[in-house]
$ cat data36.pdb   # PDB, C-alpha atoms and all ligand atoms
ATOM      1  CA  MET P   1       7.827  34.604  28.107  1.00  0.00           C
ATOM      2  CA  ALA P   2       6.435  37.601  26.224  1.00  0.00           C
ATOM      3  CA  GLU P   3       5.885  36.991  22.520  1.00  0.00           C
ATOM      4  CA  LEU P   4       7.268  39.135  19.728  1.00  0.00           C
ATOM      5  CA  LEU P   5       4.657  41.372  18.083  1.00  0.00           C
ATOM      6  CA  ASP P   6       4.367  41.325  14.306  1.00  0.00           C
ATOM      7  CA  ASP P   7       4.577  44.525  12.226  1.00  0.00           C
ATOM      8  CA  ALA P   8       0.806  45.049  12.171  1.00  0.00           C
ATOM      9  CA  ALA P   9       0.555  44.706  15.934  1.00  0.00           C
ATOM     10  CA  VAL P  10       3.509  47.064  16.440  1.00  0.00           C
ATOM     11  CA  SER P  11       1.875  49.687  14.196  1.00  0.00           C
ATOM     12  CA  ALA P  12      -1.442  49.334  15.989  1.00  0.00           C
ATOM     13  CA  ARG P  13       0.116  49.721  19.411  1.00  0.00           C
ATOM     14  CA  LEU P  14       2.303  52.647  18.306  1.00  0.00           C
ATOM     15  CA  ALA P  15      -0.869  54.450  17.229  1.00  0.00           C
ATOM     16  CA  GLY P  16      -2.079  54.305  20.832  1.00  0.00           C
ATOM     17  CA  LEU P  17       1.041  56.012  22.211  1.00  0.00           C
ATOM     18  CA  ASN P  18       2.262  59.606  22.227  1.00  0.00           C
ATOM     19  CA  GLY P  19       5.389  60.414  20.215  1.00  0.00           C
ATOM     20  CA  TRP P  20       7.038  56.982  20.093  1.00  0.00           C
ATOM     21  CA  THR P  21       8.826  55.799  16.968  1.00  0.00           C
ATOM     22  CA  ARG P  22      10.018  52.373  16.015  1.00  0.00           C
ATOM     23  CA  GLU P  23      13.742  51.995  15.405  1.00  0.00           C
ATOM     24  CA  GLY P  24      14.187  48.381  14.335  1.00  0.00           C
ATOM     25  CA  GLY P  25      13.714  46.168  17.373  1.00  0.00           C
ATOM     26  CA  GLU P  26      13.013  49.003  19.810  1.00  0.00           C
ATOM     27  CA  ILE P  27      10.689  51.943  20.325  1.00  0.00           C
ATOM     28  CA  ARG P  28      11.870  55.373  21.464  1.00  0.00           C
ATOM     29  CA  ARG P  29      10.471  58.658  22.647  1.00  0.00           C
ATOM     30  CA  THR P  30      12.302  61.899  23.440  1.00  0.00           C
ATOM     31  CA  VAL P  31      10.653  64.426  25.755  1.00  0.00           C
ATOM     32  CA  ARG P  32      11.677  67.850  27.023  1.00  0.00           C
ATOM     33  CA  ALA P  33      11.008  68.518  30.701  1.00  0.00           C
ATOM     34  CA  PRO P  34      10.466  72.032  32.103  1.00  0.00           C
ATOM     35  CA  SER P  35      13.769  71.838  34.019  1.00  0.00           C
ATOM     36  CA  PHE P  36      16.651  69.460  34.640  1.00  0.00           C
ATOM     37  CA  MET P  37      15.230  68.480  38.029  1.00  0.00           C
ATOM     38  CA  ALA P  38      11.776  67.866  36.543  1.00  0.00           C
ATOM     39  CA  GLY P  39      13.430  65.528  34.047  1.00  0.00           C
ATOM     40  CA  ILE P  40      15.234  63.739  36.865  1.00  0.00           C
ATOM     41  CA  GLY P  41      11.930  63.449  38.732  1.00  0.00           C
ATOM     42  CA  LEU P  42      10.402  61.851  35.648  1.00  0.00           C
ATOM     43  CA  VAL P  43      13.320  59.442  35.361  1.00  0.00           C
ATOM     44  CA  GLY P  44      12.872  58.486  39.020  1.00  0.00           C
ATOM     45  CA  ALA P  45       9.181  57.797  38.499  1.00  0.00           C
ATOM     46  CA  VAL P  46       9.910  55.729  35.390  1.00  0.00           C
ATOM     47  CA  ALA P  47      12.570  53.795  37.312  1.00  0.00           C
ATOM     48  CA  GLY P  48       9.956  52.840  39.910  1.00  0.00           C
ATOM     49  CA  ALA P  49       7.510  51.679  37.252  1.00  0.00           C
ATOM     50  CA  ALA P  50      10.302  49.740  35.542  1.00  0.00           C
ATOM     51  CA  GLU P  51      11.121  47.922  38.759  1.00  0.00           C
ATOM     52  CA  ASP P  52       7.435  47.109  39.329  1.00  0.00           C
ATOM     53  CA  ALA P  53       7.195  45.676  35.806  1.00  0.00           C
ATOM     54  CA  ASP P  54      10.660  44.077  35.897  1.00  0.00           C
ATOM     55  CA  HIS P  55      11.133  45.749  32.538  1.00  0.00           C
ATOM     56  CA  HIS P  56      13.763  48.467  32.166  1.00  0.00           C
ATOM     57  CA  PRO P  57      14.151  51.150  29.511  1.00  0.00           C
ATOM     58  CA  ASP P  58      17.432  52.551  28.274  1.00  0.00           C
ATOM     59  CA  ILE P  59      17.429  56.179  29.414  1.00  0.00           C
ATOM     60  CA  ASP P  60      19.499  59.047  28.025  1.00  0.00           C
ATOM     61  CA  ILE P  61      19.473  62.344  29.982  1.00  0.00           C
ATOM     62  CA  ARG P  62      20.809  65.531  28.369  1.00  0.00           C
ATOM     63  CA  TRP P  63      19.971  68.531  30.574  1.00  0.00           C
ATOM     64  CA  ARG P  64      16.172  68.621  30.317  1.00  0.00           C
ATOM     65  CA  THR P  65      15.863  66.347  27.283  1.00  0.00           C
ATOM     66  CA  VAL P  66      15.229  62.709  28.159  1.00  0.00           C
ATOM     67  CA  THR P  67      15.062  59.801  25.714  1.00  0.00           C
ATOM     68  CA  PHE P  68      13.535  56.437  26.610  1.00  0.00           C
ATOM     69  CA  ALA P  69      14.104  53.297  24.532  1.00  0.00           C
ATOM     70  CA  LEU P  70      12.314  50.001  25.081  1.00  0.00           C
ATOM     71  CA  SER P  71      12.947  46.499  23.793  1.00  0.00           C
ATOM     72  CA  THR P  72      12.396  43.038  25.213  1.00  0.00           C
ATOM     73  CA  HIS P  73      15.902  41.626  25.145  1.00  0.00           C
ATOM     74  CA  SER P  74      14.827  38.140  26.156  1.00  0.00           C
ATOM     75  CA  ALA P  75      12.492  37.963  23.118  1.00  0.00           C
ATOM     76  CA  GLY P  76      14.864  39.768  20.735  1.00  0.00           C
ATOM     77  CA  GLY P  77      12.481  42.606  19.859  1.00  0.00           C
ATOM     78  CA  LEU P  78       9.165  44.231  20.687  1.00  0.00           C
ATOM     79  CA  THR P  79       6.508  42.666  22.906  1.00  0.00           C
ATOM     80  CA  ALA P  80       3.443  43.853  24.791  1.00  0.00           C
ATOM     81  CA  LYS P  81       5.702  44.599  27.768  1.00  0.00           C
ATOM     82  CA  ASP P  82       7.367  47.417  25.819  1.00  0.00           C
ATOM     83  CA  PHE P  83       4.072  49.029  24.860  1.00  0.00           C
ATOM     84  CA  ASP P  84       2.573  48.623  28.321  1.00  0.00           C
ATOM     85  CA  LEU P  85       5.522  50.433  29.903  1.00  0.00           C
ATOM     86  CA  ALA P  86       5.588  53.046  27.103  1.00  0.00           C
ATOM     87  CA  GLY P  87       1.983  53.914  27.931  1.00  0.00           C
ATOM     88  CA  ARG P  88       2.893  54.333  31.583  1.00  0.00           C
ATOM     89  CA  ILE P  89       5.857  56.536  30.584  1.00  0.00           C
ATOM     90  CA  ASP P  90       3.492  58.728  28.530  1.00  0.00           C
ATOM     91  CA  ALA P  91       1.273  59.246  31.572  1.00  0.00           C
ATOM     92  CA  MET P  92       4.235  60.016  33.833  1.00  0.00           C
ATOM     93  CA  ALA P  93       5.750  62.410  31.277  1.00  0.00           C
ATOM     94  CA  ALA P  94       2.492  64.347  31.209  1.00  0.00           C
ATOM     95  CA  GLU P  95       2.402  64.444  35.016  1.00  0.00           C
ATOM     96  CA  HIS P  96       5.927  65.903  35.050  1.00  0.00           C
ATOM     97  CA  GLY P  97       5.165  68.519  32.421  1.00  0.00           C
ATOM     98  CA  ALA P  98       7.400  66.831  29.838  1.00  0.00           C
ATOM     99  CA  ALA P  99       6.342  66.627  26.200  1.00  0.00           C
TER     100      ALA P  99
HETATM  101  C1  LIG P 101      15.246  38.341  34.601  1.00  0.00           C
HETATM  102  C2  LIG P 101      14.551  39.599  34.203  1.00  0.00           C
HETATM  103  O1  LIG P 101      13.168  39.421  34.131  1.00  0.00           O
HETATM  104  C3  LIG P 101      15.024  40.105  32.855  1.00  0.00           C
HETATM  105  O2  LIG P 101      16.417  40.288  32.859  1.00  0.00           O
HETATM  106  C4  LIG P 101      14.321  41.383  32.425  1.00  0.00           C
HETATM  107  C5  LIG P 101      14.756  42.609  33.179  1.00  0.00           C
HETATM  108  N1  LIG P 101      14.461  43.831  32.476  1.00  0.00           N
HETATM  109  C6  LIG P 101      14.316  43.851  31.144  1.00  0.00           C
HETATM  110  N2  LIG P 101      14.145  44.987  30.506  1.00  0.00           N
HETATM  111  C7  LIG P 101      14.018  45.040  29.185  1.00  0.00           C
HETATM  112  N3  LIG P 101      13.845  46.217  28.588  1.00  0.00           N
HETATM  113  N4  LIG P 101      14.047  43.931  28.447  1.00  0.00           N
HETATM  114  C8  LIG P 101      14.196  42.720  28.993  1.00  0.00           C
HETATM  115  O3  LIG P 101      14.206  41.697  28.292  1.00  0.00           O
HETATM  116  C9  LIG P 101      14.332  42.649  30.402  1.00  0.00           C
HETATM  117  N5  LIG P 101      14.458  41.497  31.028  1.00  0.00           N
END
$ encode --input "data36.pdb" --output "structure tokens"
Amino acid sequence: MAELLDDAAVSARLAGLNGWTREGGEIRRTVRAPSFMAGIGLVGAVAGAAEDADHHPDIDIRWRTVTFALSTHSAGGLTAKDFDLAGRIDAMAAEHGAA
């Protein structure tokens, strides 16, 4: 099972991401896509990566604004799995023109 990261490790890994903030036991990032359908395309790509990783973000879609939140429920907080998927989401957001 993935191990909880301590505060120092969370800060260090946050520094390697783009636009993520810590909110207690989860990390979140909100992006704006160029269009609603571009945002949906991003969500579809993230869904595929989430299935591959067996790790699934909470996703909130509001027109072309999409918010992703990650937490490892089984560990009760933040683990490497959250930061690994967040990094993949950053790359996919850039590919879909979302920032
Ligand atoms: C059995 C399966 O591995 C677990 O239910 C997975 C699925 N996806 C998950 N996603 C997230 N974000 N956190 C989890 O703890 C989690 N657990």
$ residues_near_ligand --input "data36.pdb" --ligand "ligand LIG 101 (chain P)" --cutoff "12 Å" --atoms "all atoms listed in the file" --output "ChimeraX atom specification"
/P:1-4,25-28,47,49-59,68-86
$ write_last_selection --input "data36.pdb" --atoms "C-alpha atoms" --output "PDB file, in the frame of the given file"
ATOM      1  CA  MET P   1       7.827  34.604  28.107  1.00  0.00           C
ATOM      2  CA  ALA P   2       6.435  37.601  26.224  1.00  0.00           C
ATOM      3  CA  GLU P   3       5.885  36.991  22.520  1.00  0.00           C
ATOM      4  CA  LEU P   4       7.268  39.135  19.728  1.00  0.00           C
ATOM      5  CA  GLY P  25      13.714  46.168  17.373  1.00  0.00           C
ATOM      6  CA  GLU P  26      13.013  49.003  19.810  1.00  0.00           C
ATOM      7  CA  ILE P  27      10.689  51.943  20.325  1.00  0.00           C
ATOM      8  CA  ARG P  28      11.870  55.373  21.464  1.00  0.00           C
ATOM      9  CA  ALA P  47      12.570  53.795  37.312  1.00  0.00           C
ATOM     10  CA  ALA P  49       7.510  51.679  37.252  1.00  0.00           C
ATOM     11  CA  ALA P  50      10.302  49.740  35.542  1.00  0.00           C
ATOM     12  CA  GLU P  51      11.121  47.922  38.759  1.00  0.00           C
ATOM     13  CA  ASP P  52       7.435  47.109  39.329  1.00  0.00           C
ATOM     14  CA  ALA P  53       7.195  45.676  35.806  1.00  0.00           C
ATOM     15  CA  ASP P  54      10.660  44.077  35.897  1.00  0.00           C
ATOM     16  CA  HIS P  55      11.133  45.749  32.538  1.00  0.00           C
ATOM     17  CA  HIS P  56      13.763  48.467  32.166  1.00  0.00           C
ATOM     18  CA  PRO P  57      14.151  51.150  29.511  1.00  0.00           C
ATOM     19  CA  ASP P  58      17.432  52.551  28.274  1.00  0.00           C
ATOM     20  CA  ILE P  59      17.429  56.179  29.414  1.00  0.00           C
ATOM     21  CA  PHE P  68      13.535  56.437  26.610  1.00  0.00           C
ATOM     22  CA  ALA P  69      14.104  53.297  24.532  1.00  0.00           C
ATOM     23  CA  LEU P  70      12.314  50.001  25.081  1.00  0.00           C
ATOM     24  CA  SER P  71      12.947  46.499  23.793  1.00  0.00           C
ATOM     25  CA  THR P  72      12.396  43.038  25.213  1.00  0.00           C
ATOM     26  CA  HIS P  73      15.902  41.626  25.145  1.00  0.00           C
ATOM     27  CA  SER P  74      14.827  38.140  26.156  1.00  0.00           C
ATOM     28  CA  ALA P  75      12.492  37.963  23.118  1.00  0.00           C
ATOM     29  CA  GLY P  76      14.864  39.768  20.735  1.00  0.00           C
ATOM     30  CA  GLY P  77      12.481  42.606  19.859  1.00  0.00           C
ATOM     31  CA  LEU P  78       9.165  44.231  20.687  1.00  0.00           C
ATOM     32  CA  THR P  79       6.508  42.666  22.906  1.00  0.00           C
ATOM     33  CA  ALA P  80       3.443  43.853  24.791  1.00  0.00           C
ATOM     34  CA  LYS P  81       5.702  44.599  27.768  1.00  0.00           C
ATOM     35  CA  ASP P  82       7.367  47.417  25.819  1.00  0.00           C
ATOM     36  CA  PHE P  83       4.072  49.029  24.860  1.00  0.00           C
ATOM     37  CA  ASP P  84       2.573  48.623  28.321  1.00  0.00           C
ATOM     38  CA  LEU P  85       5.522  50.433  29.903  1.00  0.00           C
ATOM     39  CA  ALA P  86       5.588  53.046  27.103  1.00  0.00           C
TER      40      ALA P  86
END
$ residues_around --input "data36.pdb" --residues "Ala45 in chain P" --least-positions-apart "4" --cutoff "10 Å" --atoms "all atoms listed in the file" --output "VMD selection string"
chain P and resid 39 to 41 49 to 50 88 to 89 92 to 93 96
$ residues_around --input "data36.pdb" --residues "Ala99 in chain P" --least-positions-apart "2" --cutoff "8 Å" --atoms "all atoms listed in the file" --output "ChimeraX atom specification"
/P:31-33,93-94,97
$ resolve_selection --input "data36.pdb" --expression "the PyMOL selection byres (((chain P and resi 65) around 7) and not hetatm)" --output "ChimeraX atom specification"
/P:30-33,61-64,66-67
$ atom_distance --input "data36.pdb" --atom1 "CA of Ala91 in chain P" --atom2 "CA of Thr21 in chain P"
16.8 Å
$ closest_residue --input "data36.pdb" --among "P:Asp90, P:Gly44, P:Asp7, P:Glu95" --to "Arg29 in chain P" --atoms "all atoms listed in the file"
P:Asp90
$ atom_distance --input "data36.pdb" --atom1 "CA of Leu14 in chain P" --atom2 "CA of Ser35 in chain P"
27.3 Å
$ atom_distance --input "data36.pdb" --atom1 "CA of Asp6 in chain P" --atom2 "CA of Gly87 in chain P"
18.7 Å
